[in-house]
$ cat query16.pdb   # PDB, C-alpha atoms and all ligand atoms
ATOM      1  CA  MET A1217     -72.515  32.855  23.818
ATOM      2  CA  PRO A1218     -75.392  32.448  26.249
ATOM      3  CA  LYS A1219     -78.624  34.338  25.569
ATOM      4  CA  ASN A1220     -79.891  37.364  27.501
ATOM      5  CA  LEU A1221     -76.417  38.756  28.147
ATOM      6  CA  PRO A1222     -76.188  42.507  28.794
ATOM      7  CA  ALA A1223     -75.536  44.517  25.603
ATOM      8  CA  ARG A1224     -72.018  45.462  26.739
ATOM      9  CA  PHE A1225     -71.014  41.782  26.424
ATOM     10  CA  THR A1226     -72.490  41.287  22.949
ATOM     11  CA  ASP A1227     -72.190  44.664  21.212
ATOM     12  CA  GLU A1228     -68.910  46.466  20.693
ATOM     13  CA  ASN A1229     -70.421  49.965  20.731
ATOM     14  CA  ALA A1230     -72.341  49.277  23.936
ATOM     15  CA  ALA A1231     -69.100  47.947  25.466
ATOM     16  CA  ARG A1232     -67.217  51.088  24.444
ATOM     17  CA  THR A1233     -69.917  53.365  25.866
ATOM     18  CA  HIS A1234     -69.856  51.392  29.135
ATOM     19  CA  LEU A1235     -66.074  51.677  29.388
ATOM     20  CA  GLU A1236     -66.105  55.398  28.503
ATOM     21  CA  ARG A1237     -68.676  56.115  31.237
ATOM     22  CA  LEU A1238     -66.615  54.140  33.725
ATOM     23  CA  GLN A1239     -63.223  55.692  32.881
ATOM     24  CA  TRP A1240     -64.415  59.194  32.163
ATOM     25  CA  PRO A1241     -67.248  60.143  34.544
ATOM     26  CA  ASP A1242     -66.407  63.837  33.970
ATOM     27  CA  GLY A1243     -66.007  63.633  30.205
ATOM     28  CA  PRO A1244     -63.251  62.229  27.950
ATOM     29  CA  ILE A1245     -59.686  62.556  29.266
ATOM     30  CA  CYS A1246     -56.996  63.064  26.630
ATOM     31  CA  PRO A1247     -54.140  60.622  27.398
ATOM     32  CA  HIS A1248     -51.684  62.848  25.496
ATOM     33  CA  CYS A1249     -52.128  66.133  27.371
ATOM     34  CA  GLY A1250     -54.428  65.197  30.252
ATOM     35  CA  THR A1251     -57.149  67.701  29.334
ATOM     36  CA  VAL A1252     -60.620  66.708  30.541
ATOM     37  CA  ASP A1253     -63.816  67.141  28.542
ATOM     38  CA  GLU A1254     -62.311  69.123  25.673
ATOM     39  CA  ALA A1255     -62.602  66.477  22.967
ATOM     40  CA  SER A1256     -65.062  65.705  20.179
ATOM     41  CA  ARG A1257     -66.009  62.356  18.743
ATOM     42  CA  ILE A1258     -64.580  61.743  15.288
ATOM     43  CA  LYS A1259     -67.397  60.678  13.019
ATOM     44  CA  GLY A1260     -66.821  58.302  10.124
ATOM     45  CA  GLY A1261     -63.349  57.232  11.223
ATOM     46  CA  ARG A1262     -62.329  54.237  13.289
ATOM     47  CA  ARG A1263     -64.956  53.660  15.947
ATOM     48  CA  GLY A1264     -64.388  55.133  19.381
ATOM     49  CA  LEU A1265     -61.928  57.805  18.231
ATOM     50  CA  TRP A1266     -61.893  61.213  19.857
ATOM     51  CA  PHE A1267     -60.129  64.426  18.806
ATOM     52  CA  CYS A1268     -58.583  66.540  21.552
ATOM     53  CA  ASN A1269     -59.314  70.231  20.981
ATOM     54  CA  ALA A1270     -56.453  71.196  23.303
ATOM     55  CA  CYS A1271     -53.528  69.247  21.795
ATOM     56  CA  ARG A1272     -55.203  68.290  18.492
ATOM     57  CA  GLN A1273     -54.341  64.596  18.814
ATOM     58  CA  GLN A1274     -56.581  61.580  18.514
ATOM     59  CA  PHE A1275     -57.296  58.995  21.178
ATOM     60  CA  SER A1276     -59.758  56.352  22.310
ATOM     61  CA  VAL A1277     -60.745  54.959  25.707
ATOM     62  CA  THR A1278     -58.382  52.001  25.328
ATOM     63  CA  VAL A1279     -55.210  54.080  24.733
ATOM     64  CA  GLY A1280     -52.717  53.346  27.504
ATOM     65  CA  THR A1281     -54.703  50.379  28.845
ATOM     66  CA  VAL A1282     -54.162  46.624  28.825
ATOM     67  CA  PHE A1283     -56.787  46.423  26.035
ATOM     68  CA  GLU A1284     -54.832  48.710  23.703
ATOM     69  CA  ARG A1285     -53.947  47.366  20.249
ATOM     70  CA  SER A1286     -55.918  44.204  20.747
ATOM     71  CA  HIS A1287     -57.852  42.771  17.824
ATOM     72  CA  VAL A1288     -60.360  41.243  20.201
ATOM     73  CA  PRO A1289     -63.668  43.166  20.155
ATOM     74  CA  LEU A1290     -64.130  45.268  23.280
ATOM     75  CA  ASN A1291     -67.368  43.493  24.252
ATOM     76  CA  LEU A1292     -65.433  40.221  24.572
ATOM     77  CA  TRP A1293     -62.906  41.963  26.819
ATOM     78  CA  LEU A1294     -65.742  43.126  29.053
ATOM     79  CA  TYR A1295     -67.349  39.680  29.066
ATOM     80  CA  ALA A1296     -64.022  38.008  29.898
ATOM     81  CA  THR A1297     -63.418  40.498  32.720
ATOM     82  CA  HIS A1298     -66.878  39.758  34.119
ATOM     83  CA  LEU A1299     -66.291  35.985  33.974
ATOM     84  CA  LEU A1300     -62.882  36.176  35.647
ATOM     85  CA  CYS A1301     -64.239  38.513  38.320
ATOM     86  CA  SER A1302     -67.314  36.437  39.137
ATOM     87  CA  SER A1303     -65.760  32.934  39.249
ATOM     88  CA  LYS A1304     -64.651  32.329  42.817
ATOM     89  CA  LYS A1305     -61.868  29.885  41.922
ATOM     90  CA  GLY A1306     -61.024  31.445  38.562
ATOM     91  CA  ILE A1307     -61.760  30.277  35.024
ATOM     92  CA  SER A1308     -59.469  28.217  32.814
ATOM     93  CA  SER A1309     -58.364  29.545  29.446
ATOM     94  CA  HIS A1310     -60.011  26.530  27.757
ATOM     95  CA  GLN A1311     -63.337  27.352  29.381
ATOM     96  CA  LEU A1312     -62.943  31.088  28.713
ATOM     97  CA  GLY A1313     -62.089  30.425  25.059
ATOM     98  CA  ARG A1314     -65.194  28.251  24.630
ATOM     99  CA  MET A1315     -67.446  30.847  26.255
ATOM    100  CA  LEU A1316     -66.060  33.743  24.202
ATOM    101  CA  GLY A1317     -65.669  31.831  20.940
ATOM    102  CA  VAL A1318     -61.942  32.613  20.718
ATOM    103  CA  THR A1319     -58.904  30.322  20.615
ATOM    104  CA  TYR A1320     -57.261  29.000  23.759
ATOM    105  CA  LYS A1321     -54.214  31.145  23.045
ATOM    106  CA  THR A1322     -56.283  34.327  22.751
ATOM    107  CA  ALA A1323     -58.192  33.480  25.935
ATOM    108  CA  TRP A1324     -54.868  32.900  27.711
ATOM    109  CA  PHE A1325     -53.504  36.301  26.593
ATOM    110  CA  MET A1326     -56.745  37.990  27.605
ATOM    111  CA  SER A1327     -56.921  36.475  31.073
ATOM    112  CA  HIS A1328     -53.329  37.475  31.828
ATOM    113  CA  ARG A1329     -54.000  41.054  30.763
ATOM    114  CA  ILE A1330     -57.098  41.121  32.940
ATOM    115  CA  ARG A1331     -54.994  39.844  35.866
ATOM    116  CA  GLU A1332     -52.700  42.829  35.264
ATOM    117  CA  ALA A1333     -55.765  45.066  35.577
ATOM    118  CA  MET A1334     -56.589  43.359  38.892
ATOM    119  CA  LYS A1335     -53.173  44.242  40.346
ATOM    120  CA  PRO A1336     -53.236  47.156  42.740
ATOM    121  CA  ALA A1337     -51.844  50.310  41.124
ATOM    122  CA  GLY A1338     -49.240  52.507  42.748
ATOM    123  CA  LYS A1339     -47.803  52.224  46.226
ATOM    124  CA  PRO A1340     -49.612  49.825  48.551
ATOM    125  CA  THR A1341     -51.686  51.444  51.284
ATOM    126  CA  PRO A1342     -51.059  49.971  54.744
ATOM    127  CA  MET A1343     -53.301  47.079  55.822
ATOM    128  CA  GLY A1344     -54.723  46.900  59.330
ATOM    129  CA  GLY A1345     -54.269  49.622  61.941
ATOM    130  CA  GLU A1346     -55.284  50.206  65.521
ATOM    131  CA  GLY A1347     -57.757  47.582  66.714
ATOM    132  CA  LYS A1348     -57.372  45.588  63.473
ATOM    133  CA  VAL A1349     -56.089  42.039  63.150
ATOM    134  CA  ILE A1350     -53.619  40.944  60.491
ATOM    135  CA  GLU A1351     -53.231  37.194  60.001
ATOM    136  CA  ALA A1352     -50.017  36.083  58.301
ATOM    137  CA  ASP A1353     -49.239  32.600  57.030
ATOM    138  CA  GLU A1354     -47.140  30.799  54.477
ATOM    139  CA  THR A1355     -47.894  27.998  52.052
ATOM    140  CA  TYR A1356     -46.217  25.925  49.361
ATOM    141  CA  LEU A1357     -47.559  25.221  45.912
ATOM    142  CA  GLY A1358     -46.250  22.674  43.435
ATOM    143  CA  LYS A1359     -42.688  22.394  42.352
ATOM    144  CA  ARG A1360     -40.452  25.199  41.249
ATOM    145  CA  ASP A1361     -39.554  25.290  37.572
ATOM    146  CA  GLY A1362     -36.627  23.093  36.642
ATOM    147  CA  LYS A1363     -36.623  21.416  40.031
ATOM    148  CA  LYS A1364     -38.565  18.342  38.989
ATOM    149  CA  GLY A1365     -36.622  15.109  38.872
ATOM    150  CA  GLU A1366     -33.387  16.633  40.020
ATOM    151  CA  PRO A1367     -30.798  14.348  41.484
ATOM    152  CA  ASP A1368     -30.347  14.126  45.227
ATOM    153  CA  THR A1369     -29.083  17.281  46.847
ATOM    154  CA  PHE A1370     -26.759  17.705  49.764
ATOM    155  CA  VAL A1371     -28.480  19.618  52.550
ATOM    156  CA  SER A1372     -26.481  20.815  55.513
ATOM    157  CA  GLY A1373     -27.474  18.831  58.589
ATOM    158  CA  PHE A1374     -29.430  16.250  56.558
ATOM    159  CA  GLY A1375     -26.850  14.826  54.152
ATOM    160  CA  TRP A1376     -27.967  13.670  50.693
ATOM    161  CA  VAL A1377     -31.720  13.886  50.296
ATOM    162  CA  SER A1378     -34.087  13.416  47.368
ATOM    163  CA  HIS A1379     -35.954  16.510  46.236
ATOM    164  CA  PRO A1380     -35.592  18.456  49.441
ATOM    165  CA  LYS A1381     -38.880  20.233  50.037
ATOM    166  CA  ILE A1382     -37.173  23.423  51.059
ATOM    167  CA  ASP A1383     -35.690  24.005  47.618
ATOM    168  CA  THR A1384     -38.191  22.517  45.220
ATOM    169  CA  GLN A1385     -41.417  24.221  46.173
ATOM    170  CA  ARG A1386     -42.893  27.582  45.331
ATOM    171  CA  LYS A1387     -43.307  29.598  48.446
ATOM    172  CA  ILE A1388     -46.090  32.034  49.164
ATOM    173  CA  VAL A1389     -46.612  34.367  52.100
ATOM    174  CA  ALA A1390     -50.048  35.918  52.561
ATOM    175  CA  LEU A1391     -51.411  38.658  54.794
ATOM    176  CA  VAL A1392     -55.139  38.902  55.400
ATOM    177  CA  GLU A1393     -56.764  41.664  57.367
ATOM    178  CA  ARG A1394     -59.662  40.136  59.290
ATOM    179  CA  GLY A1395     -62.818  41.581  57.756
ATOM    180  CA  GLY A1396     -60.668  43.244  55.081
ATOM    181  CA  ILE A1397     -58.344  42.643  52.176
ATOM    182  CA  ALA A1398     -55.723  40.024  51.301
ATOM    183  CA  ARG A1399     -52.248  40.404  49.803
ATOM    184  CA  SER A1400     -50.096  37.455  48.849
ATOM    185  CA  PHE A1401     -46.516  37.249  47.646
ATOM    186  CA  MET A1402     -44.384  34.659  45.911
ATOM    187  CA  VAL A1403     -41.116  34.683  47.862
ATOM    188  CA  ALA A1404     -37.714  33.108  47.347
ATOM    189  CA  ASN A1405     -37.436  32.003  50.956
ATOM    190  CA  VAL A1406     -39.784  31.706  53.878
ATOM    191  CA  ASP A1407     -37.546  33.155  56.571
ATOM    192  CA  LYS A1408     -37.356  35.926  59.157
ATOM    193  CA  ALA A1409     -36.040  38.511  56.707
ATOM    194  CA  THR A1410     -38.803  37.792  54.187
ATOM    195  CA  VAL A1411     -41.694  38.001  56.646
ATOM    196  CA  ARG A1412     -40.192  41.177  58.101
ATOM    197  CA  ARG A1413     -40.036  42.792  54.670
ATOM    198  CA  VAL A1414     -43.559  41.661  53.706
ATOM    199  CA  LEU A1415     -45.092  42.738  57.020
ATOM    200  CA  PHE A1416     -43.248  46.051  57.406
ATOM    201  CA  THR A1417     -44.049  47.170  53.856
ATOM    202  CA  ASN A1418     -47.727  46.163  54.018
ATOM    203  CA  ALA A1419     -49.115  45.995  57.534
ATOM    204  CA  ASP A1420     -49.567  48.937  59.898
ATOM    205  CA  ARG A1421     -47.584  48.281  63.093
ATOM    206  CA  LYS A1422     -50.545  49.409  65.205
ATOM    207  CA  SER A1423     -52.254  46.146  64.128
ATOM    208  CA  THR A1424     -52.459  42.964  66.156
ATOM    209  CA  LEU A1425     -50.586  40.187  64.373
ATOM    210  CA  MET A1426     -51.741  36.558  64.441
ATOM    211  CA  THR A1427     -49.589  33.753  63.067
ATOM    212  CA  ASP A1428     -48.835  30.119  63.686
ATOM    213  CA  GLU A1429     -46.027  29.165  66.034
ATOM    214  CA  ALA A1430     -43.343  29.265  63.314
ATOM    215  CA  GLY A1431     -40.097  30.741  64.563
ATOM    216  CA  ILE A1432     -39.890  33.219  61.687
ATOM    217  CA  TYR A1433     -42.548  35.553  63.137
ATOM    218  CA  PRO A1434     -41.699  36.601  66.733
ATOM    219  CA  ALA A1435     -38.851  38.999  65.876
ATOM    220  CA  THR A1436     -41.106  40.967  63.536
ATOM    221  CA  GLY A1437     -44.208  40.412  65.677
ATOM    222  CA  ALA A1438     -42.504  42.262  68.533
ATOM    223  CA  HIS A1439     -42.818  45.477  66.494
ATOM    224  CA  TYR A1440     -46.610  45.172  66.365
ATOM    225  CA  ALA A1441     -49.234  46.218  68.902
ATOM    226  CA  ALA A1442     -49.515  42.551  69.869
ATOM    227  CA  HIS A1443     -48.504  39.204  68.423
ATOM    228  CA  HIS A1444     -50.530  36.092  69.203
ATOM    229  CA  THR A1445     -49.648  32.646  67.956
ATOM    230  CA  VAL A1446     -51.708  29.535  67.364
ATOM    231  CA  ASN A1447     -49.956  26.299  68.168
ATOM    232  CA  HIS A1448     -51.027  23.977  65.362
ATOM    233  CA  SER A1449     -48.782  21.155  66.461
ATOM    234  CA  GLU A1450     -50.812  20.811  69.639
ATOM    235  CA  TYR A1451     -54.156  20.856  67.802
ATOM    236  CA  GLU A1452     -54.876  24.265  69.145
ATOM    237  CA  TYR A1453     -56.899  25.653  66.274
ATOM    238  CA  GLY A1454     -57.809  29.005  67.617
ATOM    239  CA  ARG A1455     -58.111  30.058  71.230
ATOM    240  CA  GLY A1456     -61.134  32.320  71.071
ATOM    241  CA  PRO A1457     -60.224  35.270  68.862
ATOM    242  CA  VAL A1458     -56.679  33.981  68.401
ATOM    243  CA  SER A1459     -56.604  32.081  65.111
ATOM    244  CA  THR A1460     -55.240  32.059  61.620
ATOM    245  CA  ASN A1461     -58.481  30.658  60.183
ATOM    246  CA  THR A1462     -59.016  33.653  57.897
ATOM    247  CA  VAL A1463     -55.680  33.406  56.108
ATOM    248  CA  GLU A1464     -56.028  29.611  55.966
ATOM    249  CA  GLY A1465     -59.446  30.086  54.349
ATOM    250  CA  TYR A1466     -57.833  32.387  51.803
ATOM    251  CA  PHE A1467     -55.172  29.767  50.978
ATOM    252  CA  SER A1468     -57.844  27.104  50.696
ATOM    253  CA  ILE A1469     -59.690  29.023  47.933
ATOM    254  CA  PHE A1470     -56.394  29.797  46.216
ATOM    255  CA  LYS A1471     -55.262  26.169  46.255
ATOM    256  CA  ARG A1472     -58.598  24.809  45.079
ATOM    257  CA  GLY A1473     -58.435  27.255  42.184
ATOM    258  CA  MET A1474     -54.808  26.541  41.309
ATOM    259  CA  LYS A1475     -55.251  22.768  41.475
ATOM    260  CA  GLY A1476     -58.793  22.438  40.142
ATOM    261  CA  ILE A1477     -59.004  25.196  37.533
ATOM    262  CA  TYR A1478     -55.505  26.257  36.486
ATOM    263  CA  GLN A1479     -53.756  22.965  37.213
ATOM    264  CA  HIS A1480     -50.353  24.197  36.181
ATOM    265  CA  CYS A1481     -48.721  27.563  35.976
ATOM    266  CA  SER A1482     -45.136  28.536  35.472
ATOM    267  CA  GLU A1483     -43.277  30.327  38.208
ATOM    268  CA  ALA A1484     -43.061  33.464  36.080
ATOM    269  CA  HIS A1485     -46.856  33.732  36.004
ATOM    270  CA  LEU A1486     -47.642  32.791  39.596
ATOM    271  CA  PRO A1487     -47.608  36.410  40.896
ATOM    272  CA  ARG A1488     -50.376  37.264  38.431
ATOM    273  CA  TYR A1489     -52.535  34.364  39.631
ATOM    274  CA  LEU A1490     -51.936  35.552  43.188
ATOM    275  CA  ALA A1491     -53.087  39.025  42.111
ATOM    276  CA  GLU A1492     -56.266  37.460  40.724
ATOM    277  CA  PHE A1493     -57.123  35.654  43.972
ATOM    278  CA  ASP A1494     -56.154  38.691  46.078
ATOM    279  CA  PHE A1495     -58.402  40.844  43.922
ATOM    280  CA  ARG A1496     -61.486  38.665  44.195
ATOM    281  CA  TYR A1497     -60.956  38.161  47.931
ATOM    282  CA  SER A1498     -60.406  41.868  48.581
ATOM    283  CA  ASN A1499     -63.503  42.779  46.562
ATOM    284  CA  ARG A1500     -65.914  40.179  47.883
ATOM    285  CA  ILE A1501     -69.623  40.102  48.688
ATOM    286  CA  ALA A1502     -68.951  40.317  52.439
ATOM    287  CA  LEU A1503     -67.343  43.699  51.742
ATOM    288  CA  GLU A1504     -70.438  44.650  49.715
ATOM    289  CA  VAL A1505     -68.818  44.195  46.320
ATOM    290  CA  ASP A1506     -71.092  42.241  43.960
ATOM    291  CA  ASP A1507     -70.130  40.698  40.583
ATOM    292  CA  THR A1508     -70.993  43.847  38.629
ATOM    293  CA  LEU A1509     -69.105  46.221  40.895
ATOM    294  CA  ARG A1510     -66.125  43.817  41.040
ATOM    295  CA  ALA A1511     -65.893  43.822  37.220
ATOM    296  CA  GLU A1512     -66.127  47.625  37.207
ATOM    297  CA  ILE A1513     -63.263  47.879  39.700
ATOM    298  CA  ALA A1514     -61.172  45.565  37.485
ATOM    299  CA  LEU A1515     -62.042  47.638  34.402
ATOM    300  CA  LYS A1516     -60.911  50.809  36.169
ATOM    301  CA  GLY A1517     -57.598  49.020  36.752
ATOM    302  CA  ILE A1518     -56.857  48.636  33.027
ATOM    303  CA  VAL A1519     -55.401  52.159  32.916
ATOM    304  CA  GLY A1520     -51.686  52.759  33.196
ATOM    305  CA  LYS A1521     -50.742  49.070  33.080
ATOM    306  CA  ARG A1522     -49.811  48.966  29.398
ATOM    307  CA  LEU A1523     -46.062  49.035  30.036
ATOM    308  CA  THR A1524     -46.369  46.313  32.638
ATOM    309  CA  TYR A1525     -48.049  43.836  30.369
ATOM    310  CA  ARG A1526     -45.665  44.501  27.506
ATOM    311  CA  ARG A1527     -42.943  43.027  29.684
ATOM    312  CA  ILE A1528     -44.902  39.818  30.150
ATOM    313  CA  ASP A1529     -43.421  36.878  28.333
ATOM    314  CA  GLU A1530     -46.605  36.036  26.518
ATOM    315  CA  ALA A1531     -45.058  33.275  24.465
ATOM    316  CA  ALA A1532     -44.851  30.962  27.442
ATOM    317  CA  HIS A1533     -48.135  29.285  28.267
ATOM    318  CA  ALA A1534     -49.390  28.700  31.758
TER
HETATM  319 ZN    ZN A1601     -54.912  66.419  24.352
END
$ encode --input "query16.pdb" --output "structure tokens"
Amino acid sequence: MPKNLPARFTDENAARTHLERLQWPDGPICPHCGTVDEASRIKGGRRGLWFCNACRQQFSVTVGTVFERSHVPLNLWLYATHLLCSSKKGISSHQLGRMLGVTYKTAWFMSHRIREAMKPAGKPTPMGGEGKVIEADETYLGKRDGKKGEPDTFVSGFGWVSHPKIDTQRKIVALVERGGIARSFMVANVDKATVRRVLFTNADRKSTLMTDEAGIYPATGAHYAAHHTVNHSEYEYGRGPVSTNTVEGYFSIFKRGMKGIYQHCSEAHLPRYLAEFDFRYSNRIALEVDDTLRAEIALKGIVGKRLTYRRIDEAAHA
């Protein structure tokens, strides 16, 4: 590990204290009964254990989090979270493993659990609003699993075609609020119904919508305060404030990361990579979130995600 790292990255007790301060600003919270600040540290037992005076059960700060029951020392979890939060295009599991001194497999498990922590918790709050601009766009990334090398397919209106693009690629729709956050979604189809669902469930209809000229947007766009389109086919990249440059910039970072750093990921894991890029974008310097604060926000997100990560098929590597 590099020298001069903060103690929370090198010392397990310092890491635990850091996490306890972050999760429990008003004193320890018992995960069994929810009582706040009614627990005492258990001395001499397993480190980090507390005893709840209300329900008389034991707990630690990692109970019910994505770090629970991990054999990896807590300081390495904090260091990994910092690295993943501060690398603009992400960090590969090989690189992470080398920096932490753990195996590739361990680094892979860790980074996926941290991505779970980066996922927004609970119901999504609406993006945009009156006077705000939401840019929506779609992109395609790599081939869908099991679609590589398939024989020609019959496509209505086209006849027999080799590897029709429409069926073999992973499809992503992203919404970016100009000057705000990003949310991206892996979707089965890029069509009117999909963009309607994504927009209606995420973007306030008082927003102004900006998209390209694709025919999938107008029907939904009509429900928004205004809908402006950029005609890419006529080299019209933005008429004054009308552009989709922000969402295209988001996709550009995402694609550079997916191609340059992660190189391959299975379809099952793609939503978690999207969550990672959404998280960093939505908590960026321009929004006054620095590396330290970004890692703290991710660490706060470790709570209540335990059940989610248990469903992850961790045997499959990305
Ligand atoms: Zn309790």
$ resolve_selection --input "query16.pdb" --expression "the PyMOL selection byres (((not hetatm)) within 9 of (chain A and resi 1601))" --output "ChimeraX atom specification"
/A:1245-1252,1254-1255,1267-1275
$ write_last_selection --input "query16.pdb" --atoms "C-alpha atoms" --output "CSV table (one decimal), keeping the file's coordinate frame"
chain,number,residue,atom,x,y,z
A,1245,ILE,CA,-59.7,62.6,29.3
A,1246,CYS,CA,-57.0,63.1,26.6
A,1247,PRO,CA,-54.1,60.6,27.4
A,1248,HIS,CA,-51.7,62.8,25.5
A,1249,CYS,CA,-52.1,66.1,27.4
A,1250,GLY,CA,-54.4,65.2,30.3
A,1251,THR,CA,-57.1,67.7,29.3
A,1252,VAL,CA,-60.6,66.7,30.5
A,1254,GLU,CA,-62.3,69.1,25.7
A,1255,ALA,CA,-62.6,66.5,23.0
A,1267,PHE,CA,-60.1,64.4,18.8
A,1268,CYS,CA,-58.6,66.5,21.6
A,1269,ASN,CA,-59.3,70.2,21.0
A,1270,ALA,CA,-56.5,71.2,23.3
A,1271,CYS,CA,-53.5,69.2,21.8
A,1272,ARG,CA,-55.2,68.3,18.5
A,1273,GLN,CA,-54.3,64.6,18.8
A,1274,GLN,CA,-56.6,61.6,18.5
A,1275,PHE,CA,-57.3,59.0,21.2
$ resolve_selection --input "query16.pdb" --expression "the PyMOL selection byres (((chain A and resi 1403-1412) around 10) and not hetatm)" --output "short mmCIF file (atom, residue, chain, number, x, y, z; two decimals) with C-alpha atoms, in the frame of the given file"
data_model
loop_
_atom_site.label_atom_id
_atom_site.label_comp_id
_atom_site.auth_asym_id
_atom_site.auth_seq_id
_atom_site.Cartn_x
_atom_site.Cartn_y
_atom_site.Cartn_z
CA ALA A 1352 -50.02 36.08 58.30
CA ASP A 1353 -49.24 32.60 57.03
CA GLU A 1354 -47.14 30.80 54.48
CA THR A 1355 -47.89 28.00 52.05
CA TYR A 1356 -46.22 25.92 49.36
CA ILE A 1382 -37.17 23.42 51.06
CA ASP A 1383 -35.69 24.00 47.62
CA GLN A 1385 -41.42 24.22 46.17
CA ARG A 1386 -42.89 27.58 45.33
CA LYS A 1387 -43.31 29.60 48.45
CA ILE A 1388 -46.09 32.03 49.16
CA VAL A 1389 -46.61 34.37 52.10
CA ALA A 1390 -50.05 35.92 52.56
CA LEU A 1391 -51.41 38.66 54.79
CA SER A 1400 -50.10 37.46 48.85
CA PHE A 1401 -46.52 37.25 47.65
CA MET A 1402 -44.38 34.66 45.91
CA ARG A 1413 -40.04 42.79 54.67
CA VAL A 1414 -43.56 41.66 53.71
CA LEU A 1415 -45.09 42.74 57.02
CA PHE A 1416 -43.25 46.05 57.41
CA THR A 1417 -44.05 47.17 53.86
CA ASN A 1418 -47.73 46.16 54.02
CA ALA A 1430 -43.34 29.26 63.31
CA GLY A 1431 -40.10 30.74 64.56
CA ILE A 1432 -39.89 33.22 61.69
CA TYR A 1433 -42.55 35.55 63.14
CA PRO A 1434 -41.70 36.60 66.73
CA ALA A 1435 -38.85 39.00 65.88
CA THR A 1436 -41.11 40.97 63.54
CA GLY A 1437 -44.21 40.41 65.68
CA HIS A 1439 -42.82 45.48 66.49
CA PRO A 1487 -47.61 36.41 40.90
#
$ resolve_selection --input "query16.pdb" --expression "the PyMOL selection byres (((chain A and resi 1498) around 7) and not hetatm)" --output "VMD selection string"
chain A and resid 1396 to 1398 1494 to 1497 1499 to 1500
$ residues_around --input "query16.pdb" --residues "Gly1243 of chain A" --least-positions-apart "2" --cutoff "6 Å" --atoms "only C-alpha atoms" --output "list in words"
Trp1240, Pro1241 and Asp1253 of chain A
$ closest_residue --input "query16.pdb" --among "A:Leu1316, A:Leu1509, A:Ala1514, A:Leu1294" --to "Ala1223 of chain A" --atoms "only C-alpha atoms"
A:Leu1294
$ atom_distance --input "query16.pdb" --atom1 "atom CA of Asn1229 of chain A" --atom2 "atom CA of Met1315 of chain A"
20.1 Å
$ closest_residue --input "query16.pdb" --among "A:Leu1300, A:Leu1357, A:Ala1484, A:Ala1438" --to "Ser1468 of chain A" --atoms "all atoms listed in the file"
A:Leu1357
$ closest_residue --input "query16.pdb" --among "A:Gln1479, A:Ser1309, A:Gln1239, A:Thr1297" --to "Ser1276 of chain A" --atoms "all atoms listed in the file"
A:Gln1239
$ axis_aligned_box --input "query16.pdb" --around "segment 1247-1258 of chain A" --padding-each-side "4 Å" --output "AutoDock Vina command-line options"
--center_x -58.8 --center_y 64.9 --center_z 22.9 --size_x 22.3 --size_y 16.5 --size_z 23.3
$ atom_distance --input "query16.pdb" --atom1 "atom CA of Gly1345 of chain A" --atom2 "atom CA of His1448 of chain A"
26.1 Å
$ atom_distance --input "query16.pdb" --atom1 "atom CA of Ser1308 of chain A" --atom2 "atom CA of Ser1286 of chain A"
20.3 Å
$ residues_around --input "query16.pdb" --residues "Asp1507 of chain A" --least-positions-apart "4" --cutoff "8 Å" --atoms "all atoms listed in the file" --output "count of residues only"
4
$ closest_residue --input "query16.pdb" --among "A:Thr1281, A:Gly1338, A:Pro1244, A:Ala1491" --to "Trp1266 of chain A" --atoms "all atoms listed in the file"
A:Pro1244
$ residues_around --input "query16.pdb" --residues "Lys1471 of chain A" --least-positions-apart "3" --cutoff "12 Å" --atoms "all atoms listed in the file" --output "JSON, numbers by chain"
{"A": [1304, 1305, 1306, 1355, 1356, 1357, 1358, 1388, 1464, 1465, 1466, 1467, 1468, 1474, 1475, 1476, 1477, 1478, 1479, 1480, 1489, 1490, 1493]}
$ closest_residue --input "query16.pdb" --among "A:Glu1504, A:Asp1428, A:Asp1227, A:Glu1492" --to "Leu1292 of chain A" --atoms "only C-alpha atoms"
A:Asp1227
$ decode --input "query16.pdb" --residues "segment 1268-1279 of chain A" --atoms "C-alpha atoms" --output "short mmCIF file (atom, residue, chain, number, x, y, z; two decimals), in the first residue's frame"
data_model
loop_
_atom_site.label_atom_id
_atom_site.label_comp_id
_atom_site.auth_asym_id
_atom_site.auth_seq_id
_atom_site.Cartn_x
_atom_site.Cartn_y
_atom_site.Cartn_z
CA CYS A 1268 -27.74 -2.95 23.57
CA ASN A 1269 -29.05 -2.08 27.04
CA ALA A 1270 -32.62 -1.96 25.70
CA CYS A 1271 -32.93 -5.37 23.99
CA ARG A 1272 -29.78 -6.96 25.46
CA GLN A 1273 -28.45 -8.10 22.08
CA GLN A 1274 -25.05 -7.58 20.54
CA PHE A 1275 -24.25 -5.74 17.34
CA SER A 1276 -21.53 -3.93 15.44
CA VAL A 1277 -21.52 -1.10 12.90
CA THR A 1278 -21.36 -3.55 9.98
CA VAL A 1279 -24.51 -5.53 10.94
#
